[in-house]
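Note: the block below is coords.txt and it holds compact mmCIF, C-alpha atoms.
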```txt
# COMPACT_ATOMS: atom_id res chain seq x y z
CA MET A 126 126.24 277.98 -119.10
CA MET A 127 125.99 278.56 -122.81
CA ASN A 128 128.92 277.53 -124.96
CA CYS A 129 130.20 279.35 -128.03
CA GLU A 130 128.91 276.85 -130.56
CA LEU A 131 125.34 276.99 -129.28
CA ALA A 132 125.44 280.76 -128.90
CA VAL A 133 126.52 281.17 -132.51
CA GLU A 134 123.83 278.75 -133.71
CA LEU A 135 121.19 280.66 -131.83
CA LEU A 136 122.37 284.05 -133.02
CA THR A 137 122.67 283.03 -136.65
CA GLY A 138 119.35 281.24 -136.83
CA ALA A 139 120.99 277.85 -137.29
CA ALA A 140 119.57 276.33 -134.10
CA ASP A 141 116.30 274.47 -134.29
CA GLY A 142 113.60 275.22 -131.75
CA ALA A 143 115.31 278.23 -130.23
CA THR A 144 113.35 279.96 -127.51
CA ALA A 145 113.38 283.66 -126.68
CA GLU A 146 115.11 282.85 -123.42
CA ASN A 147 117.83 280.88 -125.21
CA ARG A 148 118.39 283.73 -127.62
CA ARG A 149 118.64 286.16 -124.73
CA LEU A 150 121.26 283.94 -123.09
CA ALA A 151 123.10 283.72 -126.39
CA ARG A 152 123.15 287.53 -126.69
CA GLU A 153 124.50 287.77 -123.16
CA HIS A 154 127.16 285.25 -124.02
CA ALA A 155 128.16 287.08 -127.19
CA ALA A 156 128.31 290.40 -125.36
CA ALA A 157 131.12 288.98 -123.28
CA CYS A 158 132.76 286.89 -126.04
CA PRO A 159 134.62 288.76 -128.80
CA ASP A 160 135.12 285.59 -130.87
CA CYS A 161 131.41 284.83 -130.91
CA ARG A 162 130.65 288.38 -131.98
CA ALA A 163 133.15 288.03 -134.79
CA VAL A 164 131.72 284.69 -135.89
CA VAL A 165 128.16 286.04 -135.93
CA MET A 166 129.23 289.06 -137.94
CA SER A 167 131.05 286.78 -140.33
CA VAL A 168 128.06 284.51 -140.86
CA HIS A 169 125.72 287.42 -141.47
CA ALA A 170 128.19 289.08 -143.81
CA LEU A 171 128.66 285.93 -145.85
CA ARG A 172 124.90 285.59 -146.24
CA LEU A 173 125.01 288.93 -147.93
CA VAL A 174 127.67 287.63 -150.28
CA SER A 175 125.50 284.63 -151.07
CA MET A 176 122.80 287.01 -152.30
CA VAL A 177 125.09 288.44 -154.96
CA PRO A 178 124.48 286.32 -158.02
CA THR A 179 127.27 284.67 -159.90
CA PRO A 180 127.29 284.50 -163.67
CA GLU A 181 126.27 281.50 -165.65
CA ALA A 182 129.11 279.84 -167.49
CA ALA A 183 129.67 281.33 -170.90
CA PRO A 184 127.82 279.62 -173.76
CA GLY A 185 129.84 276.69 -175.01
CA ALA A 186 132.03 276.48 -171.92
CA PHE A 187 130.97 272.93 -171.18
CA GLU A 188 131.56 271.87 -174.77
CA ARG A 189 135.02 273.50 -174.73
CA MET A 190 135.84 271.61 -171.59
CA MET A 191 134.69 268.32 -173.13
CA SER A 192 136.72 269.03 -176.24
CA ARG A 193 139.78 269.39 -174.10
CA VAL A 194 139.04 266.18 -172.31
CA VAL A 195 138.59 264.38 -175.60
CA ALA A 196 141.72 266.00 -177.05
CA GLY A 197 143.69 264.71 -174.12
CA GLN A 198 142.69 261.26 -175.27
CA SER A 199 142.48 261.63 -178.98
CA SER A 200 146.19 262.21 -179.37
CA ALA A 201 146.55 258.56 -178.60
CA PRO A 202 147.30 256.60 -181.72
CA GLN A 203 144.70 254.02 -182.51
CA ARG A 204 146.31 250.69 -181.97
CA PRO A 205 145.10 247.32 -183.04
CA ALA A 206 143.27 245.57 -180.24
CA ARG A 207 145.91 242.99 -179.62
CA PHE A 208 147.42 244.02 -176.37
CA TRP A 209 147.11 240.62 -174.85
CA HIS A 210 147.70 238.67 -177.99
CA GLY A 211 150.24 240.30 -180.19
CA VAL A 212 153.97 240.44 -179.95
CA GLY A 213 154.86 243.41 -177.82
CA VAL A 214 153.78 246.62 -179.34
CA GLY A 215 153.97 249.82 -177.42
CA ALA A 216 152.04 253.00 -177.80
CA ALA A 217 152.62 256.48 -176.68
CA VAL A 218 149.72 258.48 -175.50
CA ALA A 219 149.80 261.93 -174.39
CA ALA A 220 148.07 264.42 -172.33
CA GLY A 221 150.86 266.90 -172.49
CA LEU A 222 153.70 264.49 -172.61
CA ALA A 223 153.42 260.81 -172.66
CA PHE A 224 155.23 257.68 -173.43
CA ALA A 225 154.44 254.14 -173.57
CA VAL A 226 156.56 251.18 -174.22
CA VAL A 227 155.59 247.64 -174.37
CA THR A 228 157.96 244.82 -174.01
CA TRP A 229 156.63 241.35 -173.85
CA LEU A 230 157.68 238.99 -171.14
CA PRO A 231 156.56 235.46 -171.90
CA SER A 232 157.78 234.19 -168.58
CA SER A 233 161.12 235.64 -167.67
CA ASP A 234 161.74 238.57 -165.39
CA GLU A 235 163.91 240.35 -167.93
CA PRO A 236 162.07 242.81 -170.11
CA THR A 237 162.62 242.44 -173.80
CA ASP A 238 163.94 245.70 -175.08
CA THR A 239 161.99 246.74 -178.12
CA GLY A 240 163.27 250.28 -178.06
CA THR A 241 162.89 251.84 -174.70
CA PRO A 242 161.66 255.43 -174.85
CA GLN A 243 163.47 258.01 -172.86
CA LEU A 244 162.19 260.92 -170.90
CA SER A 245 164.46 263.83 -169.96
CA LEU A 246 163.71 265.81 -166.84
CA ARG A 247 165.44 268.44 -164.82
CA VAL A 248 165.99 267.60 -161.18
CA ASN A 249 162.77 268.23 -159.22
CA GLU A 250 160.76 268.56 -162.41
CA THR A 251 157.56 266.54 -162.59
CA ARG A 252 155.88 265.25 -165.72
CA ASP A 253 153.01 262.96 -166.35
CA VAL A 254 153.93 259.81 -168.20
CA SER A 255 150.99 258.12 -169.83
CA ILE A 256 150.75 254.60 -171.06
CA SER A 257 147.94 253.19 -173.12
CA LEU A 258 146.73 249.65 -173.05
CA THR A 259 144.47 248.57 -175.81
CA THR A 260 142.51 245.41 -175.46
CA ASN A 261 139.65 243.92 -177.42
CA GLU A 262 137.86 242.60 -174.40
CA ALA A 263 137.12 243.85 -170.91
CA MET A 264 139.29 242.38 -168.19
CA ARG A 265 138.36 242.13 -164.58
CA ASP A 266 140.92 242.38 -161.83
CA ALA A 267 143.96 243.05 -163.96
CA GLU A 268 146.93 243.60 -161.68
CA ILE A 269 148.92 246.77 -162.16
CA HIS A 270 152.39 246.92 -160.71
CA VAL A 271 154.34 250.17 -160.88
CA SER A 272 157.92 250.25 -159.68
CA LEU A 273 160.80 252.67 -159.88
CA ASN A 274 164.53 252.41 -159.70
CA GLY A 275 167.21 255.08 -159.62
CA SER A 276 166.75 258.73 -158.77
CA ILE A 277 163.15 259.20 -159.75
CA GLY A 278 159.97 259.26 -157.70
CA LEU A 279 156.20 259.28 -157.86
CA ASP A 280 155.14 262.85 -157.30
CA GLY A 281 152.60 263.07 -154.51
CA TYR A 282 153.23 259.59 -153.11
CA ALA A 283 155.49 260.43 -150.20
CA GLY A 284 158.45 258.30 -151.19
CA GLU A 285 156.48 255.25 -152.39
CA ARG A 286 158.57 253.45 -155.01
CA GLU A 287 156.28 250.56 -155.68
CA LEU A 288 152.51 250.41 -156.09
CA LYS A 289 150.34 247.45 -156.84
CA TRP A 290 146.59 247.32 -157.25
CA LEU A 291 143.79 245.58 -159.07
CA THR A 292 141.59 247.28 -161.61
CA ASP A 293 139.16 246.45 -164.36
CA LEU A 294 140.18 247.21 -167.93
CA ASP A 295 137.56 248.18 -170.45
CA ALA A 296 137.63 246.98 -174.00
CA GLY A 297 139.36 249.64 -176.04
CA THR A 298 142.08 252.02 -174.95
CA ASN A 299 142.87 252.35 -171.28
CA GLN A 300 145.24 255.02 -170.15
CA LEU A 301 147.48 255.02 -167.12
CA THR A 302 149.02 258.34 -166.13
CA ILE A 303 151.95 258.42 -163.75
CA PRO A 304 153.48 261.62 -162.30
CA ILE A 305 157.23 261.13 -162.40
CA VAL A 306 159.65 263.46 -160.66
CA ALA A 307 163.44 263.43 -161.01
CA THR A 308 164.98 263.40 -157.56
CA GLY A 309 168.63 263.36 -158.63
CA THR A 310 170.87 263.57 -161.65
CA GLU A 311 171.37 259.83 -161.95
CA GLY A 312 168.03 259.22 -163.63
CA GLY A 313 166.20 255.94 -163.39
CA GLN A 314 163.60 253.67 -164.86
CA LEU A 315 159.87 253.37 -164.59
CA LEU A 316 158.52 249.88 -164.92
CA VAL A 317 154.82 249.10 -165.26
CA GLU A 318 153.62 245.54 -165.37
CA VAL A 319 150.08 244.55 -166.19
CA THR A 320 149.11 240.99 -165.41
CA HIS A 321 145.90 239.19 -166.21
CA GLY A 322 145.07 235.54 -166.55
CA GLY A 323 148.67 234.44 -166.29
CA LYS A 324 149.80 236.83 -169.03
CA ARG A 325 151.85 239.89 -168.48
CA ARG A 326 152.85 243.04 -170.31
CA THR A 327 155.73 245.20 -169.23
CA PHE A 328 156.13 248.89 -169.98
CA LEU A 329 159.52 250.44 -169.46
CA VAL A 330 160.56 254.07 -169.63
CA ASP A 331 164.10 255.35 -169.13
CA VAL A 332 164.24 258.65 -167.31
CA GLN A 333 167.29 260.80 -167.72
CA ALA A 334 167.83 263.75 -165.43
CA GLU A 335 169.95 266.83 -165.60
CA ALA A 336 170.71 269.40 -162.98
CA MET B 233 154.85 248.39 -151.01
CA GLY B 234 151.43 249.80 -151.55
CA TRP B 235 148.53 247.52 -152.30
CA MET B 236 145.24 248.88 -153.41
CA SER B 237 142.19 246.87 -154.20
CA ASP B 238 140.83 249.50 -156.52
CA ASP B 239 141.59 252.99 -157.75
CA SER B 240 140.55 254.70 -154.54
CA GLY B 241 143.29 256.77 -153.02
CA MET B 242 145.17 256.97 -156.27
CA ALA B 243 145.47 260.69 -156.06
CA ARG B 244 147.27 261.30 -159.31
CA LEU B 245 148.15 257.92 -160.70
CA SER B 246 145.11 256.89 -162.55
CA PHE B 247 143.44 254.92 -165.23
CA ILE B 248 141.27 256.31 -167.94
CA ARG B 249 139.23 253.44 -169.21
CA GLY B 250 137.62 253.00 -172.53
CA GLY B 251 137.49 255.36 -175.50
CA SER B 252 134.53 257.25 -176.91
CA GLU B 253 132.22 255.42 -174.52
CA ALA B 254 134.21 256.84 -171.64
CA HIS B 255 133.89 260.36 -173.05
CA ALA B 256 130.14 260.00 -173.38
CA SER B 257 129.83 258.54 -169.93
CA PHE B 258 131.94 261.32 -168.44
CA GLU B 259 129.91 263.98 -170.21
CA GLN B 260 126.70 262.48 -168.87
CA LEU B 261 128.09 262.46 -165.34
CA VAL B 262 129.55 265.94 -165.29
CA ARG B 263 127.07 267.98 -167.28
CA PRO B 264 124.45 268.17 -164.49
CA HIS B 265 127.08 269.56 -162.13
CA TYR B 266 128.87 271.94 -164.43
CA GLN B 267 127.01 275.08 -163.38
CA ALA B 268 127.46 274.28 -159.69
CA LEU B 269 131.17 273.80 -160.23
CA PHE B 270 131.33 277.02 -162.19
CA ARG B 271 129.48 278.95 -159.50
CA VAL B 272 131.87 277.83 -156.77
CA ALA B 273 134.86 278.50 -159.02
CA SER B 274 133.50 282.00 -159.64
CA ARG B 275 133.23 282.61 -155.93
CA PHE B 276 136.75 281.32 -155.42
CA THR B 277 138.46 283.21 -158.20
CA GLY B 278 136.31 286.29 -158.67
CA SER B 279 136.76 286.03 -162.41
CA ARG B 280 134.68 284.32 -165.07
CA ALA B 281 137.71 283.43 -167.16
CA ASP B 282 139.63 282.03 -164.19
CA ALA B 283 136.55 280.15 -163.08
CA GLU B 284 136.15 278.52 -166.47
CA ASP B 285 139.81 277.60 -166.47
CA LEU B 286 139.60 276.13 -162.98
CA VAL B 287 136.55 274.04 -163.82
CA GLN B 288 138.18 272.83 -167.00
CA GLU B 289 141.26 271.70 -165.12
CA THR B 290 139.05 270.05 -162.53
CA CYS B 291 137.25 268.06 -165.18
CA LEU B 292 140.50 267.02 -166.83
CA ARG B 293 141.72 265.68 -163.51
CA ALA B 294 138.40 264.04 -162.81
CA TYR B 295 138.45 262.28 -166.15
CA ARG B 296 141.53 260.39 -165.09
CA HIS B 297 139.38 258.84 -162.40
CA ILE B 298 136.28 258.21 -164.44
CA ALA B 299 135.83 254.74 -163.00
CA LYS B 300 135.62 256.28 -159.57
CA VAL B 301 133.25 259.02 -160.70
CA GLN B 302 130.91 256.41 -162.12
CA SER B 303 130.74 254.65 -158.79
CA LEU B 304 129.93 257.73 -156.72
CA GLU B 305 126.47 258.52 -155.43
CA ASN B 306 127.22 262.23 -155.35
CA PRO B 307 129.87 263.12 -157.92
CA LEU B 308 129.49 266.84 -157.22
CA THR B 309 131.15 266.76 -153.82
CA TRP B 310 133.99 264.71 -155.25
CA LEU B 311 134.39 267.12 -158.16
CA LEU B 312 134.37 269.99 -155.69
CA CYS B 313 137.11 268.23 -153.76
CA ILE B 314 139.32 268.33 -156.85
CA LEU B 315 138.34 271.89 -157.65
CA ARG B 316 139.08 273.13 -154.15
CA ARG B 317 142.42 271.38 -154.04
CA LEU B 318 143.42 272.84 -157.39
CA TYR B 319 142.36 276.29 -156.26
CA ILE B 320 144.36 276.08 -153.04
CA ASP B 321 147.42 274.78 -154.88
CA ARG B 322 147.19 277.57 -157.43
CA MET B 323 146.80 280.23 -154.78
CA ARG B 324 149.73 278.88 -152.81
CA ARG B 325 151.92 278.92 -155.90
CA TYR B 326 150.70 282.40 -156.74
CA GLU B 327 151.35 283.69 -153.25
CA GLN B 328 154.83 282.16 -153.26
CA THR B 329 155.77 283.88 -156.49
CA ASN B 330 153.98 287.19 -156.04
CA VAL B 331 154.93 289.57 -153.33
CA GLY B 332 152.32 292.15 -152.45
CA SER B 333 148.62 292.19 -152.70
CA ILE B 334 146.70 289.54 -154.52
CA ASP B 335 144.47 290.81 -157.23
CA GLU B 336 141.21 291.53 -155.54
CA GLY B 337 138.54 290.23 -157.78
CA THR B 338 135.46 292.11 -156.75
CA LEU B 339 131.96 290.87 -156.66
CA ALA B 340 131.16 293.42 -159.31
CA GLU B 341 133.29 291.39 -161.69
CA ILE B 342 131.50 288.19 -160.99
CA ALA B 343 128.02 289.53 -160.47
CA SER B 344 125.48 288.55 -163.04
CA THR B 345 124.18 291.30 -165.28
CA ALA B 346 120.66 290.13 -164.56
CA PRO B 347 118.68 292.77 -162.66
CA GLY B 348 118.27 292.00 -158.99
CA PRO B 349 116.06 293.32 -156.23
CA ALA B 350 116.11 297.03 -155.47
CA GLU B 351 118.23 296.58 -152.40
CA SER B 352 120.87 294.67 -154.31
CA VAL B 353 122.92 297.81 -155.04
CA ASN B 354 123.50 298.48 -151.38
CA SER B 355 123.98 294.82 -150.73
CA GLU B 356 126.61 294.62 -153.43
CA GLN B 357 128.50 297.60 -152.05
CA VAL B 358 128.60 295.94 -148.67
CA ALA B 359 129.36 292.61 -150.25
CA ARG B 360 132.42 294.08 -151.95
CA ARG B 361 133.79 295.09 -148.57
CA ILE B 362 133.17 291.59 -147.32
CA GLU B 363 134.84 290.21 -150.40
CA ARG B 364 137.94 292.29 -149.67
CA GLY B 365 137.99 290.73 -146.21
CA LEU B 366 137.65 287.27 -147.70
CA ARG B 367 140.62 287.94 -149.97
CA LYS B 368 142.77 288.53 -146.92
CA LEU B 369 142.18 285.02 -145.66
CA ASN B 370 144.29 282.19 -146.92
CA ALA B 371 142.89 280.05 -149.71
CA GLU B 372 141.89 277.18 -147.45
CA GLN B 373 139.96 279.40 -145.06
CA ARG B 374 138.39 281.31 -147.91
CA SER B 375 137.30 278.13 -149.65
CA LEU B 376 135.68 276.77 -146.50
CA LEU B 377 133.71 279.93 -145.85
CA ILE B 378 132.58 280.17 -149.46
CA LEU B 379 131.50 276.55 -149.61
CA HIS B 380 129.70 276.51 -146.26
CA ASP B 381 128.55 280.04 -145.47
CA VAL B 382 128.06 281.36 -148.99
CA GLU B 383 127.11 278.34 -151.09
CA GLY B 384 125.48 276.45 -148.26
CA TYR B 385 127.22 273.09 -148.47
CA SER B 386 126.62 271.19 -145.25
CA LEU B 387 129.29 270.08 -142.83
CA ASN B 388 128.73 266.51 -143.97
CA GLU B 389 129.27 267.54 -147.57
CA LEU B 390 132.38 269.42 -146.51
CA GLU B 391 133.75 266.21 -145.06
CA THR B 392 133.78 264.75 -148.57
CA ILE B 393 134.89 267.93 -150.26
CA THR B 394 137.80 268.56 -147.93
CA ALA B 395 138.61 265.01 -146.83
CA LEU B 396 138.84 266.41 -143.32
CA LYS B 397 137.16 265.14 -140.18
CA LEU B 398 134.09 266.95 -138.93
CA GLY B 399 135.82 268.30 -135.85
CA THR B 400 138.68 269.64 -137.93
CA ILE B 401 136.29 271.32 -140.32
CA LYS B 402 134.38 272.96 -137.48
CA SER B 403 137.60 274.17 -135.95
CA LYS B 404 138.91 275.59 -139.23
CA LEU B 405 135.56 277.21 -139.98
CA HIS B 406 135.50 278.80 -136.56
CA ARG B 407 138.98 280.24 -136.93
CA ALA B 408 138.20 281.54 -140.41
CA ARG B 409 134.96 283.15 -139.24
CA VAL B 410 136.64 284.76 -136.25
CA LYS B 411 139.38 286.15 -138.47
CA LEU B 412 136.98 287.47 -141.07
CA GLY B 413 134.60 288.85 -138.47
CA LYS B 414 137.34 290.75 -136.69
CA MET B 415 138.55 292.21 -139.98
CA LEU B 416 135.02 293.30 -140.77
CA GLN B 417 134.55 294.77 -137.31
CA ALA B 418 137.68 296.81 -137.84
CA ASP B 419 136.24 297.89 -141.17
CA GLY B 420 132.94 299.07 -139.67
CA ASP B 421 129.64 297.49 -138.85
CA ILE B 422 128.35 295.72 -141.92
CA ALA B 423 126.40 292.89 -140.41
CA GLY B 424 123.38 292.04 -142.48
CA PRO B 425 119.89 291.36 -141.28
CA GLN B 426 119.30 287.95 -139.81
CA SER B 427 116.39 287.42 -142.12
CA LEU B 428 118.67 287.03 -145.14
CA ARG B 429 118.62 283.59 -146.55
CA ARG B 430 121.14 281.60 -148.49
CA THR B 431 120.61 281.31 -152.19
CA ARG B 432 121.25 277.57 -152.43
```
Now, as a test, write the supplied structure out as structure tokens.
Amino acid sequence: MMNCELAVELLTGAADGATAENRRLAREHAAACPDCRAVVMSVHALRLVSMVPTPEAAPGAFERMMSRVVAGQSSAPQRPARFWHGVGVGAAVAAGLAFAVVTWLPSSDEPTDTGTPQLSLRVNETRDVSISLTTNEAMRDAEIHVSLNGSIGLDGYAGERELKWLTDLDAGTNQLTIPIVATGTEGGQLLVEVTHGGKRRTFLVDVQAEA
Amino acid sequence: MGWMSDDSGMARLSFIRGGSEAHASFEQLVRPHYQALFRVASRFTGSRADAEDLVQETCLRAYRHIAKVQSLENPLTWLLCILRRLYIDRMRRYEQTNVGSIDEGTLAEIASTAPGPAESVNSEQVARRIERGLRKLNAEQRSLLILHDVEGYSLNELETITALKLGTIKSKLHRARVKLGKMLQADGDIAGPQSLRRTR
């Protein structure tokens, strides 16, 4: 007894080593199976579509795309490469909208407030918050810890309020982009900690929300 | 609390590492695949301008994950994953905010101006009818058919592009083909010869 999958493969030329007898059985199967007939018609029809050529991308399209990619980065202010050595300096970077704040925590758990930037959102509005880390040397296995408090969330993370992972940082500017959504009018705070070799940097953003 | 050993699975929260070196590296990785991305985007959108826009957005998203791109054996399928997801999201938003028919980009709009074989005129007329049928499917079904049956991406490649299991892909493909085929049957017999071959 021939099944639908095999019948379709035989009738669309997708089956290897098909015999005339197999094809005859497939035709018999399709004659009694409306779905198989529809599938075969569909496959043949879409082969016709594949024969219609598509245009090449317009001249310069790739370069325009790359310019946009670079522009998304180039708005970042060039900071001195002292992320791990200086006294907390923050930097805002922006693809669209971005913030960054650095407060330096020598050892305590309390962030030092060096002027916390604020982000205003409407409830249910999402924006990307970007933070740049500039370092003069590559760092392996830096630990990134993102946590939220208050009525904000990570868009697309199904209620996750805390994320932690290891990553390698390249020498130069590294950008972290975080999709923040306001879930209520109370607002909240986004805290990002980067730890490497016993040193830690803390980035803090206040998020205010309005209905 | 989520713990991740690397950037994998970080759908939107991402690191962009490095500066100009990262740009150069990204350009080197993406350039070989740009036309393939553009071709699929053209099939999806039916418009050169929309296709360019979709590919641009795809690359912007991909750049946030450049470390991941650099580690991939086949960046194209991963880029197509982003492109397809963006396309489906856009179409869903569009369909939620627009009542009535979706603009039916025709194949005539996306067809190259390069002269084709003599039979291409008839083929294109038929293809336009097929395209109208495709436009009546939802974006997910349409994208699967275009990727597999039009552009020729294998089921294994679709696993990466869609992040779906093989069985799920087969099932979705089957349903999409049945739906399209029945629409085409209702529209008249336009089945093409079995000798036609894919272009890819």
Please tabulate, as a Markdown table, the residues of chain A that come within 6 Å of chain B, each with its closest pair of atoms and the distance in Å to one decimal, counting all atoms listed in the file and ordering rows by chain, then residue number upward.
```
| residue | atom | partner | partner_atom | distance |
| --- | --- | --- | --- | --- |
| A:Asp160 | CA | B:Val410 | CA | 5.7 |
| A:Ala163 | CA | B:Gly413 | CA | 4.0 |
| A:Val164 | CA | B:Arg409 | CA | 4.9 |
| A:Met166 | CA | B:Ala423 | CA | 5.4 |
| A:Ser167 | CA | B:Gly413 | CA | 4.5 |
| A:His169 | CA | B:Gly424 | CA | 5.3 |
| A:Ala170 | CA | B:Ala423 | CA | 5.4 |
| A:Leu171 | CA | B:Val382 | CA | 5.6 |
| A:Arg172 | CA | B:Arg430 | CA | 5.9 |
| A:Val174 | CA | B:Ala359 | CA | 5.3 |
| A:Ser175 | CA | B:Val382 | CA | 4.6 |
| A:Pro178 | CA | B:Ala343 | CA | 5.4 |
| A:Thr179 | CA | B:Ala343 | CA | 5.0 |
| A:Pro180 | CA | B:Ser344 | CA | 4.5 |
| A:Met190 | CA | B:Gln288 | CA | 5.3 |
| A:Val194 | CA | B:Leu292 | CA | 5.7 |
| A:Glu287 | CA | B:Met233 | CA | 5.3 |
| A:Leu288 | CA | B:Gly234 | CA | 4.7 |
| A:Lys289 | CA | B:Trp235 | CA | 4.9 |
| A:Trp290 | CA | B:Met236 | CA | 4.4 |
| A:Leu291 | CA | B:Ser237 | CA | 5.3 |
| A:Thr292 | CA | B:Asp238 | CA | 5.6 |
| A:Asp295 | CA | B:Gly250 | CA | 5.2 |
| A:Gly297 | CA | B:Gly250 | CA | 5.2 |
| A:Thr298 | CA | B:Gly250 | CA | 5.2 |
| A:Asn299 | CA | B:Arg249 | CA | 4.3 |
| A:Gln300 | CA | B:Ile248 | CA | 4.7 |
| A:Leu301 | CA | B:Phe247 | CA | 4.5 |
| A:Thr302 | CA | B:Ser246 | CA | 5.5 |
| A:Ile303 | CA | B:Leu245 | CA | 4.9 |
```
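Among B:Arg324, B:His297, B:Lys404, B:Lys397, the residue with the shortest atom-to-atom distance to B:Ala371, counting all atoms listed in the file, is B:Arg324.
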message = For a test of reading the model, state the distance in Å between atom CA of B:Leu390 and atom CA of A:Ala139, rounded to one decimal.
response = 16.9 Å
task = Take atom CA of B:Thr277 and atom CA of B:Leu398 and report the distance between them in Å, one decimal.
result = 25.6 Å
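Relative to atom CA of B:Leu379, atom CA of B:Leu318 is found at 14.7 Å.
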